[in-house]
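Here is the file structure08.csv (CSV, C-alpha atoms).
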chain,number,residue,atom,x,y,z
A,8,MET,CA,35.2,42.3,29.3
A,9,LEU,CA,37.5,39.3,29.3
A,10,LEU,CA,39.0,38.1,32.5
A,11,LYS,CA,42.6,39.1,33.1
A,12,LYS,CA,44.9,36.0,32.8
A,13,ILE,CA,47.8,35.3,35.2
A,14,VAL,CA,50.3,32.5,34.9
A,15,ILE,CA,51.5,31.2,38.3
A,16,ALA,CA,54.8,29.5,38.0
A,17,GLU,CA,55.4,27.8,41.4
A,18,ASP,CA,56.5,24.2,42.0
A,19,ASP,CA,55.2,24.2,45.6
A,20,ASP,CA,51.6,22.9,45.5
A,21,ALA,CA,50.5,24.5,48.7
A,22,ILE,CA,51.8,28.0,47.8
A,23,ALA,CA,50.4,27.7,44.2
A,24,HIS,CA,47.0,26.7,45.5
A,25,MET,CA,47.0,29.6,48.0
A,26,VAL,CA,48.0,32.2,45.4
A,27,ASN,CA,45.5,30.7,42.9
A,28,MET,CA,42.6,30.9,45.4
A,29,ALA,CA,43.5,34.5,46.4
A,30,LEU,CA,43.8,35.8,42.8
A,31,GLY,CA,40.9,33.7,41.5
A,32,ASP,CA,38.7,35.2,44.2
A,33,ALA,CA,39.8,38.6,43.0
A,34,GLY,CA,38.5,37.9,39.5
A,35,PHE,CA,41.6,36.7,37.7
A,36,LEU,CA,41.9,33.6,35.5
A,37,CYS,CA,44.9,31.7,36.9
A,38,LEU,CA,47.0,29.2,34.9
A,39,ARG,CA,49.4,27.0,36.8
A,40,ALA,CA,53.0,26.1,35.7
A,41,ARG,CA,55.0,23.6,37.8
A,42,ASP,CA,58.4,24.4,36.3
A,43,GLY,CA,60.2,27.1,34.3
A,44,ASP,CA,59.8,25.3,31.0
A,45,GLU,CA,56.0,25.0,31.4
A,46,ALA,CA,55.9,28.7,32.5
A,47,LEU,CA,57.5,29.7,29.2
A,48,LYS,CA,55.1,27.6,27.2
A,49,LEU,CA,52.0,29.0,29.0
A,50,VAL,CA,53.1,32.6,28.6
A,51,LYS,CA,53.6,32.1,24.8
A,52,ALA,CA,50.4,30.2,24.4
A,53,HIS,CA,48.1,32.5,26.4
A,54,ASP,CA,49.8,35.9,26.4
A,55,PRO,CA,48.9,36.6,30.1
A,56,ASP,CA,48.5,39.9,31.7
A,57,LEU,CA,51.0,38.9,34.4
A,58,LEU,CA,53.5,36.2,35.3
A,59,VAL,CA,53.9,35.3,39.0
A,60,LEU,CA,57.3,33.6,39.0
A,61,ASP,CA,59.0,31.6,41.6
A,62,VAL,CA,62.8,31.8,41.5
A,63,MET,CA,63.7,28.2,42.5
A,64,MET,CA,62.0,25.8,40.1
A,65,PRO,CA,63.0,22.6,38.3
A,66,ARG,CA,64.2,22.4,34.7
A,67,VAL,CA,64.5,26.1,34.1
A,68,ASP,CA,64.8,28.4,37.1
A,69,GLY,CA,62.8,31.7,37.5
A,70,LEU,CA,65.8,33.9,36.7
A,71,GLU,CA,66.4,32.2,33.4
A,72,VAL,CA,62.6,32.4,32.6
A,73,ALA,CA,62.7,36.1,33.2
A,74,ARG,CA,65.8,36.6,31.0
A,75,ARG,CA,64.3,34.6,28.1
A,76,LEU,CA,61.0,36.5,28.2
A,77,LYS,CA,62.6,40.0,28.4
A,78,ALA,CA,64.9,39.1,25.5
A,79,ASP,CA,62.0,38.1,23.3
A,80,VAL,CA,60.4,41.0,21.5
A,81,MET,CA,56.9,39.4,21.6
A,82,TRP,CA,56.9,38.7,25.4
A,83,SER,CA,59.2,41.4,26.8
A,84,ARG,CA,56.2,43.5,27.9
A,85,THR,CA,54.7,40.7,30.1
A,86,PRO,CA,55.0,42.0,33.6
A,87,ILE,CA,56.8,39.7,36.1
A,88,LEU,CA,56.2,39.5,39.8
A,89,MET,CA,59.0,37.4,41.2
A,90,LEU,CA,58.6,35.2,44.4
A,91,THR,CA,61.5,33.8,46.4
A,92,ALA,CA,62.5,32.5,49.8
A,93,LEU,CA,65.8,34.3,49.4
A,94,ALA,CA,65.3,37.6,51.1
A,95,GLY,CA,68.8,39.1,50.7
A,96,ILE,CA,69.4,42.4,48.8
A,97,ASP,CA,71.8,40.7,46.4
A,98,ASP,CA,69.0,38.1,45.6
A,99,GLN,CA,66.5,40.9,44.9
A,100,VAL,CA,69.0,42.8,42.7
A,101,GLN,CA,69.7,39.6,40.8
A,102,GLY,CA,65.9,39.0,40.2
A,103,LEU,CA,65.3,42.6,39.1
A,104,GLU,CA,68.3,42.6,36.8
A,105,ALA,CA,67.0,39.3,35.2
A,106,GLY,CA,63.9,41.2,34.2
A,107,ALA,CA,61.4,41.1,37.2
A,108,ASP,CA,59.2,44.1,37.5
A,109,ALA,CA,58.5,43.6,41.2
A,110,TYR,CA,59.7,41.3,43.9
A,111,MET,CA,58.1,39.6,46.9
A,112,SER,CA,59.8,37.5,49.5
A,113,LYS,CA,58.2,34.4,51.0
A,114,PRO,CA,56.3,34.3,53.3
A,115,PHE,CA,54.1,37.1,51.9
A,116,ASP,CA,50.8,38.7,52.7
A,117,LEU,CA,48.1,37.8,50.2
A,118,ARG,CA,46.5,41.2,50.4
A,119,GLU,CA,49.8,42.8,49.5
A,120,MET,CA,50.2,40.4,46.6
A,121,GLY,CA,46.7,41.2,45.3
A,122,ALA,CA,47.5,44.9,45.4
A,123,ARG,CA,50.8,44.5,43.6
A,124,VAL,CA,49.3,42.3,41.0
A,125,LYS,CA,46.6,44.8,40.2
A,126,ALA,CA,49.1,47.7,40.1
A,127,LEU,CA,51.5,45.8,37.8
A,128,ILE,CA,48.7,44.9,35.4
A,129,ARG,CA,47.3,48.4,35.4
A,130,SER,CA,50.7,49.9,34.6
A,131,ALA,CA,51.5,47.4,31.9
A,132,ARG,CA,48.2,47.8,30.1
A,133,ARG,CA,48.6,51.6,30.1
A,134,GLU,CA,52.0,51.2,28.5
A,135,ARG,CA,51.0,48.5,26.0
A,136,ASP,CA,48.1,50.4,24.6
A,137,ARG,CA,49.7,53.6,23.4
A,138,ASN,CA,49.8,54.7,19.8
A,139,PRO,CA,53.5,54.6,18.7
A,140,THR,CA,53.1,57.9,16.7
A,141,THR,CA,51.6,60.1,19.4
A,142,ASN,CA,52.2,58.1,22.6
A,143,LEU,CA,48.5,58.8,23.4
A,144,PRO,CA,46.2,56.0,24.6
A,145,GLY,CA,45.2,53.6,21.8
A,146,SER,CA,42.0,52.0,20.6
A,147,ARG,CA,41.6,49.6,23.6
A,148,ALA,CA,42.0,52.4,26.1
A,149,VAL,CA,39.4,54.4,24.2
A,150,ASP,CA,37.0,51.5,24.5
A,151,GLU,CA,37.7,51.2,28.2
A,152,GLU,CA,37.2,55.0,28.7
A,153,ILE,CA,33.8,54.9,27.0
A,154,GLU,CA,32.9,51.8,29.1
A,155,GLY,CA,33.8,53.7,32.3
A,156,ALA,CA,31.7,56.7,31.2
A,157,LEU,CA,28.7,54.4,30.6
A,158,LYS,CA,29.2,52.7,34.0
A,159,SER,CA,29.4,56.0,35.8
A,160,GLY,CA,26.0,57.2,34.4
A,161,LYS,CA,27.3,60.8,34.3
A,162,PRO,CA,26.5,62.9,31.2
A,163,THR,CA,29.5,62.4,28.9
A,164,VAL,CA,30.2,63.4,25.3
A,165,ALA,CA,32.5,61.5,22.8
A,166,VAL,CA,34.2,63.8,20.2
A,167,HIS,CA,35.7,62.0,17.2
A,168,ILE,CA,38.2,64.4,15.4
A,169,ASP,CA,39.7,63.7,12.0
A,170,ILE,CA,41.6,65.7,9.4
A,171,LEU,CA,39.7,66.1,6.1
A,172,ASN,CA,41.8,65.3,3.0
A,173,PHE,CA,44.6,63.8,5.1
A,174,ASP,CA,45.1,60.7,3.0
A,175,SER,CA,45.9,62.6,-0.2
A,176,TYR,CA,48.1,65.0,1.7
A,177,ALA,CA,50.0,62.1,3.3
A,178,ASP,CA,50.5,60.5,-0.1
A,179,THR,CA,52.1,63.8,-1.3
A,180,VAL,CA,54.5,64.5,1.7
A,181,GLY,CA,55.3,60.9,2.6
A,182,ILE,CA,54.9,58.8,5.8
A,183,VAL,CA,57.5,60.5,8.0
A,184,MET,CA,56.3,64.0,7.5
A,185,SER,CA,52.6,63.0,7.7
A,186,GLU,CA,53.3,61.3,11.0
A,187,ASP,CA,54.9,64.5,12.3
A,188,THR,CA,51.7,66.3,11.4
A,189,VAL,CA,49.6,63.7,13.3
A,190,ARG,CA,51.9,63.9,16.2
A,191,SER,CA,51.5,67.6,16.4
A,192,LEU,CA,47.7,67.4,16.2
A,193,GLY,CA,47.7,64.9,19.0
A,194,LEU,CA,49.7,67.3,21.2
A,195,TRP,CA,47.3,70.2,20.3
A,196,LEU,CA,44.2,68.2,21.1
A,197,LEU,CA,45.6,67.0,24.4
A,198,ASP,CA,46.5,70.6,25.4
A,199,ALA,CA,43.1,71.9,24.3
A,200,ALA,CA,41.3,69.2,26.3
A,201,ARG,CA,43.3,70.0,29.4
A,202,GLN,CA,42.7,73.7,29.1
A,203,ALA,CA,38.9,73.2,28.4
A,204,SER,CA,38.4,70.7,31.2
A,205,GLY,CA,40.9,71.8,33.8
A,206,GLY,CA,42.8,68.6,33.3
A,207,GLY,CA,40.0,66.0,33.4
A,208,ALA,CA,39.4,65.1,29.8
A,209,PHE,CA,40.6,62.0,27.9
A,210,VAL,CA,42.2,62.1,24.5
A,211,GLY,CA,43.0,58.9,22.6
A,212,HIS,CA,44.5,58.2,19.2
A,213,ILE,CA,42.5,55.6,17.3
A,214,GLY,CA,45.0,55.5,14.4
A,215,GLY,CA,45.9,57.5,11.3
A,216,SER,CA,44.6,61.1,11.8
A,217,ASP,CA,41.6,59.9,13.9
A,218,PHE,CA,41.4,61.0,17.6
A,219,LEU,CA,38.7,60.6,20.2
A,220,SER,CA,38.1,62.7,23.3
A,221,VAL,CA,35.7,61.7,26.2
A,222,ILE,CA,34.7,64.9,27.9
A,223,ALA,CA,32.0,66.5,30.0
A,224,PRO,CA,29.2,68.3,27.9
A,225,GLU,CA,30.0,71.7,29.3
A,226,HIS,CA,33.6,71.5,28.0
A,227,VAL,CA,32.9,70.4,24.4
A,228,GLU,CA,32.5,73.8,22.8
A,229,ARG,CA,35.7,75.3,24.4
A,230,PHE,CA,37.6,72.1,23.5
A,231,LEU,CA,36.7,72.4,19.9
A,232,GLU,CA,37.4,76.2,19.8
A,233,LEU,CA,40.9,75.7,21.2
A,234,SER,CA,41.6,72.8,18.9
A,235,GLU,CA,40.5,74.7,15.8
A,236,LYS,CA,42.5,77.8,16.8
A,237,GLN,CA,45.6,75.7,17.3
A,238,PHE,CA,45.2,74.0,14.0
A,239,ASP,CA,44.6,77.3,12.1
A,240,THR,CA,47.5,79.0,13.8
A,241,LYS,CA,50.1,76.3,13.1
A,242,ARG,CA,48.8,74.7,9.9
A,243,SER,CA,51.3,76.8,7.9
A,244,THR,CA,54.2,75.0,9.6
A,245,PHE,CA,53.1,71.7,8.0
A,246,PRO,CA,55.3,70.4,5.2
A,247,GLY,CA,54.0,70.6,1.6
A,248,ASP,CA,50.7,72.3,0.9
A,249,PRO,CA,48.3,72.0,3.9
A,250,SER,CA,45.7,74.4,2.6
A,251,SER,CA,43.2,71.6,1.9
A,252,LEU,CA,43.4,70.2,5.4
A,253,HIS,CA,40.5,70.9,7.8
A,254,LEU,CA,39.3,69.5,11.1
A,255,VAL,CA,36.0,67.6,11.1
A,256,ALA,CA,34.4,66.7,14.5
A,257,ALA,CA,31.7,64.2,15.2
A,258,ILE,CA,29.9,64.7,18.5
A,259,ALA,CA,27.8,62.1,20.3
A,260,SER,CA,26.4,62.0,23.8
A,261,THR,CA,26.0,59.0,26.1
A,262,GLU,CA,22.6,60.3,27.2
A,263,GLY,CA,20.1,57.5,27.3
A,264,LEU,CA,22.7,54.8,26.8
A,265,THR,CA,23.4,51.8,29.1
A,266,LEU,CA,26.4,49.7,29.7
A,267,ASN,CA,24.7,46.7,28.0
A,268,ASN,CA,24.8,48.0,24.4
A,269,GLY,CA,25.7,51.7,24.8
A,270,ALA,CA,29.2,51.5,23.3
A,271,ASP,CA,27.9,50.0,20.1
A,272,GLU,CA,25.1,52.7,19.8
A,273,LEU,CA,27.6,55.5,20.6
A,274,GLY,CA,29.8,54.2,17.8
A,275,ARG,CA,26.9,54.2,15.4
A,276,ARG,CA,26.0,57.8,16.4
A,277,LEU,CA,29.6,58.9,15.9
A,278,GLY,CA,29.8,57.1,12.6
A,279,ARG,CA,26.7,58.9,11.2
A,280,ALA,CA,27.9,62.2,12.5
A,281,MET,CA,31.4,61.8,11.0
A,282,LYS,CA,30.0,60.9,7.7
A,283,ALA,CA,27.8,64.0,7.7
A,284,ALA,CA,30.7,66.2,8.8
A,285,LYS,CA,33.0,65.0,6.1
A,286,ALA,CA,30.3,65.5,3.5
A,287,ALA,CA,29.9,69.1,4.6
A,288,GLY,CA,33.4,70.1,5.4
A,289,LYS,CA,34.9,70.8,2.0
A,290,THR,CA,36.0,74.3,2.7
A,291,GLY,CA,36.5,74.6,6.5
A,292,HIS,CA,36.2,73.1,9.9
A,293,VAL,CA,32.9,71.3,10.6
A,294,ARG,CA,31.3,69.9,13.7
A,295,TRP,CA,28.3,67.5,13.5
A,296,GLN,CA,26.2,65.6,15.9
A,297,PRO,CA,23.2,63.4,15.4
A,298,SER,CA,19.9,65.2,15.8

Translate the structure described by the file into structure tokens.
Amino acid sequence: MLLKKIVIAEDDDAIAHMVNMALGDAGFLCLRARDGDEALKLVKAHDPDLLVLDVMMPRVDGLEVARRLKADVMWSRTPILMLTALAGIDDQVQGLEAGADAYMSKPFDLREMGARVKALIRSARRERDRNPTTNLPGSRAVDEEIEGALKSGKPTVAVHIDILNFDSYADTVGIVMSEDTVRSLGLWLLDAARQASGGGAFVGHIGGSDFLSVIAPEHVERFLELSEKQFDTKRSTFPGDPSSLHLVAAIASTEGLTLNNGADELGRRLGRAMKAAKAAGKTGHVRWQPS
């Protein structure tokens, strides 16, 4: 996994070095900016996971840097941790209103800074990687969930669910209505996963009508039963003629896989299983897993 990048915009060499050392030791790749103009250029060149931004800097001050980034559609999601020697409430309010996501007054504790940096990045990444149609975690979050399962070594199953004949259906009813159908399916799958697992399963939206759940082996059957029941019960509410739509599920276990190359092999297993499921699922719901 790539190192998380942080731009440190601080004109004081001693403070910049101290922050760089602390965050570098924590595993972050730190890029230094000595003024606000350089900070803007580094953010736009490197798309960092976080900007640590001093308020009082030459050329362009930190407040103006924050305003410009938050006003730009490309960089408005970059989280900003603002640093300042001005500890008054009015100063903090001014920084937050300019666009800072969190605020620390100098002098600060490096342990607290490290914790805040990690929390801000964690929160921002969760919000960035959501499918706009369903608001479920997207493809990057799916990859990270699978990586986490492989790291844990616990028996885990990945279930890839798709709607058979969805493309032709979407062509008939149009983009808006087909997205409503996908949105509904996402909610049903999430509800089914929660019921089957007691709240501990993951459901992500890869794109289109493709979803992936990461779930314990003992919960797979119940998850699929609930998903199919929801689909059958509510399919009649879909616009147009949904009679040709069926759920197909590809099931693959992480058993025997390692972190080194397990994600790729799991993807191949799911691909083979989904191909077989779609070939067999012409008249109803089908589940398939590699033998």

Problem set entry | Spatial neighbours of region 201-218 of chain A, max dist 8 Å, all atoms listed in the file, sep filter under 2 positions, as a PyMOL selection string | chain A and resi 138+141+143-146+148-149+152+167-170+173+189+193+196-199+220-223+226-227+229-230+233

Exercise. Quick one: of A:Asp54, A:Asp44, A:Glu262, A:Asp68, who's nearest to Thr163 (chain A), counting all atoms listed in the file?
Worked result: A:Glu262

For this session: Compare A:Ala286, A:Ala29, A:Ile22, A:Leu264 by their minimum atom-to-atom distance to Arg118 (chain A), counting all atoms listed in the file, and give me the closest one.
Result: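 Between A:Ala286, A:Ala29, A:Ile22, A:Leu264, the residue approaching Arg118 (chain A) most closely is A:Ala29.
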
Problem set entry | Atomic distance CA of Leu127 (chain A) - CA of Lys11 (chain A), expressed in Å with one decimal |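 Separation of CA of Leu127 (chain A) and CA of Lys11 (chain A): 12.1 Å.
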
Exercise. In terms of the shortest atom-to-atom distance over only C-alpha atoms, which of A:Phe238, A:Gly247, A:Phe35, A:Ala165 is closest to Trp295 (chain A)?
Worked result: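 Residue with the minimum atom-to-atom distance to Trp295 (chain A): A:Ala165.
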
For this session: Could you give me, as a PyMOL selection string, the residues within 10 Å of Ala33 (chain A), counting only C-alpha atoms and dropping anything in the same chain fewer than 4 positions from it?
Result: chain A and resi 27-29+121+125

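In this comparison, which uses all atoms listed in the file, the residue of A:Ile13, A:Met63, A:Lys158, A:Val255 approaching Asn268 (chain A) most closely is A:Lys158.
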
For this session: Using all atoms listed in the file, collect all residues at a distance of at most 12 Å from (66.2, 42.6, 38.1) as written in the file, then present them as number ranges by chain.
Result: A: 62, 69-71, 73-74, 77, 87-89, 96-110
